[in-house]
Structure formats: structure tokens, C-alpha cells
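Engineer: Let me begin by handing over the structure; questions about it come next.
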Amino acid sequence: MDRLTDRAVDDIRAHSGTYAADAPVTRDDLWEICRDNLLRALEDFGGLAPTGGDFEWAARETGRRRAEQGVPLDTVLQAYRRGGRVLWQVMAEHLRARAGREADSRDVELDMASGVWETIDRYSVAMADAYRLAQLELQSRQDTRRVALFEALLDGRADDPAVASAAAAALGVPAYDRYVVVVAAQDPAAPPHPAPVLEARGMWSYWRPRSGRYAGIVRLPRRDTPAGGTATGPRGSADPAAGALLDVLRELTGATAGISPEFERLSHAGRALRLAEQTLRTLPAGSGEAAAFDDRLAQVLLSGRADIAERIVTVHLGPVLATGGERAALLTTLRVWLDHGCSAARAAELLYCHRNTVLNRIGRIAELTGRSSESGEARLGWALALRALPYAGLGDSPEPAAGEYEVGGT
């Protein structure tokens, strides 16, 4: 058995770079498992009782061990074929060398060849089944570990360098890179999370359901910032990756989502999660709108203090809200006028009315509030009040989604 095992091991290593490399399978490991398999194959073929367990134990142990070692299944199956070939060669040599060969020895060899290969095939199937089962178990353990470490990141427990390093390894990404956290509402009409469409755009992401929402870490592609230049926000041309993320979330997923500011250390994901959640809270439920934290700073501040939001609205737009039938037209005109550089002509174009109508409405607002439309402070107050309306609890409709009054989106 030892000489047979030596011969099989030498043949396998001669035909496989993986086994010849001694890593992850050492020669001693290969020798031990080969001997167990060959011994049981011969016992099975000869009708003898199995040594230590059932006949296919060694095959199952081979599959389990090689799966844990990460050896490809095709490589293990090739080793089984090489071992079976060596076993048959040795048996054939014995038949041919034995004294008093009968005339029908050729038929005996053929019968034995068929039996040997049937045995090897059966063991190969047992080995492959055990390999796949072990792979599934390993994957389950890896998934559980990955989820636990992802939750540790979002819970802010990655300040421990060991946790941060383990999380990066489990997720398969660097500890330092370009990251954002995205929190998306669980909308039945939208995909559960945008990982597939993000992957198609070259963005790695990992998502998990969390408190009735989906939270994900997205790795943005590296950007080339000109020497001496600074990167702009998600809508800036200098950062196409962040802009692409917004486009994918808006156009391809339909999910309402908030995006954190970019961060470099994976261990900072916990703080980024809180900022992404604050961003999401500023968006109308079910709107399918995605927004970055830096683009919603005023709304984030106002959404957390309903009392301040109410006071801002009352001070800057209280008389306008009291006009009843005029209110909707005045607020809509003011919003479009402010959003487009206080240009009456541009606002008129978007609102499908005459320029003088816009001027008259802005004049009416100035008259009601006692503030000049030429005053920068008045314009700032009106803009803040418009953004505070959804959070002031005054019963007014929420602000429009981004792009509602832009060209092509009217």
C-alpha cells in the first residue's frame, strides 16, 4: 500500500501544479488521503470489510478537506482520475506478471478495468458531493461573519483596528478607499437594493435590511483630481462617479434614498450611516428621489427642529400662507423664481405664464411680507422658509422633488 501510494502521489504531483506547489496541500496531506482512498477502493473492489468506517468515508473526507483548503473541484477530480489510473496500471502489471497466466487473462483484465473505474467513479461522486456540501457550509459561515462585521461597521464598532481590518477582509475591499453609505426606503415597487445595477456600472456595494430600510456601503471608483484642484460635490463635473451613483439610484432603481458624504476610512461607516439616514428623512416618502447629504444641508437642519422650521415659515412667509386661494400660485412662483436666479423670464417660461405675471406675484409677496424682492436677506429668508414648509407642520404640501421645474422635467 505504501509503494502504491507513493506512485499515485508522484503521478498526481507530476500532472498538477497545485499539488506540486505544496500549498495549500502538502505532500504528507496528499499521501495520507491518497492511501486512505486507495485502501478503501481495493477493499471495496475485493469484497473485503472496510477499514475504519464505510468505503466512501475517505472520499467524503477528501471533498470536505479540499473545499476548506480552497482547492478547485476540477483539480481534485483530476487527482482522482490520476489515482485511479495508477491503481489500474499496478493491477494490470500484477496480472501480466503472475505465474501461469490463463488464456483468458485479457478478458479478466477488461472485467477488472470496468470494475475499478466503476469504483473510482462512485468515489468521485461521493467526493464531489461532500465538496459541494462543505462549500455551502463554508459560504454560510462566511456570509454570517460578513453580515456581523458589516453590522459592526454601521454600529460604529470599527474604531477597533482589528474589527475594521476583519470587516475589510470579509467584505473583500480595502480599509482605505472612496466610500459612501446609502440608506434606501424599502419600497415594494422598487428593487430590494441596487447592487446589481451598481455592479454593472463598476461600483462595488454591500447591502443589508436594517430597521425597515436597506443600508449599503458603496465603493466609488477612483477619480483623477487635477493638481491643485479640489473635488466638487455629487453633482459637480469633477466627480462623475458620485453623479453616476445618484443617476443609478434615481433612474434605474426607483428607490427613495439618502447618500452620506464621501469618507475614506471604512471604519467611519457608522457616522456616515447617520448622515445618510438624516438625508433620507428629508425626502418625500415613495418619491423615488435620491439625494446627497451635502445637497440637503438646509433640509437636514430644519427636519430635526420642527419648532424652528415653523418659526422660519411664520416670520418669512406667514402672510403669504394666510392668503388662501392665492397661496399655491404665490409659493410655486416664488420657488421657481428663486431656483432660477430670480429671473422672471426664466420662471415665466417654466411656469407657462407671462413675465409680468411672475413680476406681479413676486411683488405681491414682497408687499405681503414687507420685504424687498431686491434684498438678498429677504431672498434668503424666503428660500429657507420654502425649504422649512414640509417640516413646519402647517399643512402645506411638501417641497417638489429635485428637477421638477427644470427644462425637460416640467
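Naming works like this for the C-alpha cells: A, B, ... for the chains as they're shown, residue 1 at the start of each chain, ligands 1 onward in shown order.
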What's around range 24-35 of chain A at 10 Å? Count only C-alpha atoms, leave out sequence neighbours fewer than 5 positions away in its own chain, and write the answer as a ChimeraX atom specification.

Structural biologist: /A:1-10,12-13,18-19,40-41,58-59,61-62,65-66,68-71,79-80,83

Engineer: Running DSSP on the backbone, which parts of range 142-264 of chain A land in strand (DSSP E), as JSON, numbers by chain?

Structural biologist: {"A": [176, 177, 178, 179, 180, 181, 182, 183, 184, 185, 204, 205, 206, 207, 208, 209, 210, 213, 214, 215, 216, 217, 218, 219, 257, 258, 259, 263, 264]}

Engineer: Might you pull out every residue within 12 Å of Gln89 in chain A, with only C-alpha atoms counted and same-chain residues fewer than 4 positions away left off, and present them as a PyMOL selection string?

Structural biologist: chain A and resi 4+7-8+11+82-85+93-96+109+112-113+116-117

Engineer: Using only C-alpha atoms, determine which residues lie at most 10 Å from range 146-157 of chain A, disregarding the query and same-chain residues fewer than 2 positions distant; provide the list as a ChimeraX atom specification.

Structural biologist: /A:140-144,159-161,163-172,181,206-208,210,215-217,266-274

Engineer: What lies within 7 Å of range 315-330 of chain A using only C-alpha atoms, ignoring chain neighbours under 3 positions off, as a list in words?

Structural biologist: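 Using only C-alpha atoms, the neighbours found are Arg311, Ile312, Thr333, Leu334, Arg361, Ile365, Leu368, Thr369, Gly381, Trp382 and Ala385 of chain A.
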
Engineer: Write the residues of the selection above to a file with N, CA and C atoms, as a PDB file, in the first residue's frame.

Structural biologist:
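Result written to part07.pdb:
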ATOM      1  N   ARG A 311     -41.163  78.478  12.921  1.00  0.00           N
ATOM      2  CA  ARG A 311     -40.920  79.897  13.152  1.00  0.00           C
ATOM      3  C   ARG A 311     -40.365  80.578  11.904  1.00  0.00           C
ATOM      4  N   ILE A 312     -39.478  79.892  11.184  1.00  0.00           N
ATOM      5  CA  ILE A 312     -38.917  80.458   9.954  1.00  0.00           C
ATOM      6  C   ILE A 312     -40.030  80.712   8.939  1.00  0.00           C
ATOM      7  N   THR A 333     -44.624  80.126  -7.697  1.00  0.00           N
ATOM      8  CA  THR A 333     -43.880  81.145  -8.445  1.00  0.00           C
ATOM      9  C   THR A 333     -42.618  81.553  -7.698  1.00  0.00           C
ATOM     10  N   LEU A 334     -42.716  81.741  -6.406  1.00  0.00           N
ATOM     11  CA  LEU A 334     -41.545  82.121  -5.614  1.00  0.00           C
ATOM     12  C   LEU A 334     -40.474  81.053  -5.672  1.00  0.00           C
ATOM     13  N   ARG A 361     -46.604  88.595  -9.128  1.00  0.00           N
ATOM     14  CA  ARG A 361     -46.699  87.685  -7.985  1.00  0.00           C
ATOM     15  C   ARG A 361     -45.560  87.921  -6.990  1.00  0.00           C
ATOM     16  N   ILE A 365     -45.844  89.127  -3.071  1.00  0.00           N
ATOM     17  CA  ILE A 365     -45.172  88.506  -1.922  1.00  0.00           C
ATOM     18  C   ILE A 365     -44.384  89.550  -1.136  1.00  0.00           C
ATOM     19  N   LEU A 368     -46.861  91.587   0.855  1.00  0.00           N
ATOM     20  CA  LEU A 368     -47.434  90.877   1.994  1.00  0.00           C
ATOM     21  C   LEU A 368     -46.433  90.723   3.139  1.00  0.00           C
ATOM     22  N   THR A 369     -45.177  90.453   2.789  1.00  0.00           N
ATOM     23  CA  THR A 369     -44.174  90.183   3.821  1.00  0.00           C
ATOM     24  C   THR A 369     -43.454  91.445   4.282  1.00  0.00           C
ATOM     25  N   GLY A 381     -34.300  84.482   3.336  1.00  0.00           N
ATOM     26  CA  GLY A 381     -35.379  84.108   4.242  1.00  0.00           C
ATOM     27  C   GLY A 381     -36.493  83.361   3.539  1.00  0.00           C
ATOM     28  N   TRP A 382     -36.872  83.837   2.336  1.00  0.00           N
ATOM     29  CA  TRP A 382     -37.912  83.145   1.580  1.00  0.00           C
ATOM     30  C   TRP A 382     -37.471  81.730   1.203  1.00  0.00           C
ATOM     31  N   ALA A 385     -37.601  79.511   4.197  1.00  0.00           N
ATOM     32  CA  ALA A 385     -38.985  79.239   4.569  1.00  0.00           C
ATOM     33  C   ALA A 385     -39.617  78.205   3.645  1.00  0.00           C
TER      34      ALA A 385
END

Engineer: Compile the contact shell of Arg281 in chain A as a PyMOL selection string: residues with an atom at most 9 Å away, counting only C-alpha atoms, same-chain residues fewer than 6 positions apart removed.

Structural biologist: chain A and resi 258+300+303

Engineer: For CA of Ala195 in chain A and CA of Pro240 in chain A, determine how far apart the two atoms are, in Å to one decimal place.

Structural biologist: 18.5 Å

Engineer: I want to know what sits within 9 Å of Arg64 in chain A, based on only C-alpha atoms, with residues of the same chain fewer than 3 positions away left out; could you give that as a list of chain:residue names?

Structural biologist: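 The contact residues come out as A:Ala59, A:Arg60, A:Glu61, A:Ala67, A:Glu68, A:Gln69, A:Met127, A:Ala128, A:Ala130, A:Tyr131, A:Arg132, A:Leu133, A:Ala134, A:Gln135.
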